[in-house]
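S.K.: Below is a structure I'd like to ask you about.
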Amino acid sequence: MRWLQQFALFIFFFSMNFEVWDPFQTGGFFSISRLTGIIYFVVSVPSMVRYRTGSEVRPVLNAILLFFCLLLFMNAIHAESVNDHILDNTILQNIVLFWVLVNHERTNQLVLEKGLLFFALGSTALALLFYQGIGIEYTDGRVSIFGDNENVIGQRMCISIIIVLMTVVQNRLQLGKFRYLLLFTIPVMLGLLVATGSRLAIVSFVIVFVAGLVLLKTKAYSAKMTVFVVGGILLLLIGYYSMQNEILRTRLLMSLHEGDLSNRDAIWEHLIPLIEENLLFGVGQSGYDAFCLATFGRDMSPHSVVMELLCFTGIAGLVIYLSFIYLIFWRSYLSYKQSGILLPILLIIIVVGMLLGSHILELKLGWSILAYITCGTLSACRADEPDILHSSTTYPTVIAE
């Protein structure tokens, strides 16, 4: 059963790149990732009776459950009918997914890191479809595949490139020389990232790439200098290649010179009075939906998790959710400090970017990354961090090979 659960996990992670693909045109009811997610959940059911929420994970789980309870309560208070948005099934399913993934990692070390590599391979497959012209659409010159959001696709490519780089450089999965073949996937994914015209994705990639160069631990000073030189050259080449895309170049220059935020600022301007009037606890998703219908005539995303949380649950919910993120960030920091494991802290940087200017509450990938950081790095935790981590096991520092 263990091998079946692991196989289902790998297929599920691979398919996250096709999260909105609805090949049977069911109007969003069916998708490939939903099917593989159900399969993974079903094969995990027999193992759930053995799941135990240990003291090292409980604070994280308690924080997100408290947030969800507050969200549910505010939805119920501001609902005008039973048909209103009261129970957010997507967020609830993602919390359950988070719990299952954490426990899977606790019983099968490194399985989530292997899963992330399969996700990167799925991103490569998606990029290859782009080059073949399969499922692509253009909106204002920006590429989308299977109707997915351009920014989300760009973020997936960014995350996958970082996963591949860390898999090759730190070799935590012990893939030997075979891992160098993975480097050929990077130009493929980079091409799609640039084609999406996503400013958030390219800026996130540059920030994380530079952070990786600075934080990477090496055996000698000369090796560190080599990393800086090679990394700097690669960054210049990537920057030059990216600026050849007129759409991306124009969008970046508009952000730099005009402060253009793709109409986000106009949306936020309408939302600020709503937030100010309901500062402490917000109006729930039901109240937010009613406000958008009255103000914009349709559903409207603020394209910022922080703004969403302020609207849904006010300062109280924002503080609770940020405490959840902080607990996870602390784990990524400790894993790096104790063992030099770099991938978690690089991924948390991307998560912060998604919180500020994108989506994460409803994205399976975001919750999967948070689960990986939460439990996939427990081996690097210190025993002297009460209420945060309790593992006393120490491991050798992971350095570039």
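Chain labels A, B, ... are given in the sequence in which chains occur in the structure tokens; within each chain residues are numbered consecutively from 1, and ligands are likewise numbered from 1 in the order shown.
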Please list as an MDAnalysis selection string every residue within 7 Å of A:Leu87, counting only C-alpha atoms and excluding residues in the same chain fewer than 2 positions away.
M.R.: chainID A and resid 72 85 89
S.K.: Would you mind exporting the chosen residues as a tab-separated table (two decimals), in the first residue's frame, restricted to C-alpha atoms?
M.R.:
```tsv
chain	number	residue	atom	x	y	z
A	72	LEU	CA	-16.81	30.05	8.44
A	85	HIS	CA	-21.00	31.50	0.23
A	89	ASN	CA	-15.21	23.66	0.12
```
S.K.: Wanna dump the stretch 235-312 of chain A-stretch 137-153 of chain A contacts at 12 Å for me, each residue with its shortest atom pair and the distance in Å to one decimal, counting only C-alpha atoms, ordered by chain and number, as CSV?
M.R.:
```
residue,atom,partner,partner_atom,distance
A:Asn245,CA,A:Gly141,CA,10.0
A:Glu246,CA,A:Gly141,CA,9.0
A:Ile247,CA,A:Gly141,CA,6.5
A:Leu248,CA,A:Arg142,CA,8.5
A:Arg249,CA,A:Arg142,CA,11.9
A:Thr250,CA,A:Gly141,CA,11.2
A:Arg251,CA,A:Arg142,CA,10.8
A:Ser262,CA,A:Asn151,CA,11.7
A:His303,CA,A:Asn151,CA,10.3
```
S.K.: List every residue of stretch 142-380 of chain A that DSSP, applied to the backbone of this structure, places in helix (DSSP H, G or I), and write the result as a PyMOL selection string.
M.R.: chain A and resi 150-170+176-195+199-215+221-243+246-258+264-277+284-295+305-339+343-357+364-376+378-380
S.K.: Identify, on the basis of only C-alpha atoms, every residue whose closest approach to stretch 118-129 of chain A does not exceed 7 Å; exclude the query and any residue fewer than 2 positions from it along the same chain; express the result as a count of residues only.
M.R.: 22
S.K.: State, in Å with one decimal place, the distance from atom CA of A:Arg58 to atom CA of A:Leu318.
M.R.: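 Value for the atom CA of A:Arg58-atom CA of A:Leu318 distance: 19.5 Å.
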S.K.: Taking 4 positions as the minimum chain separation for residues in the same chain, which residues sit within 8 Å of A:Ile64 when counting only C-alpha atoms? Answer as an MDAnalysis selection string.
M.R.: chainID A and resid 60 68 95 320:321 324
S.K.: To one decimal place in Å, what is the distance between atom CA of A:Glu19 and atom CA of A:His104?
M.R.: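 Atom CA of A:His104 lies 21.7 Å from atom CA of A:Glu19.
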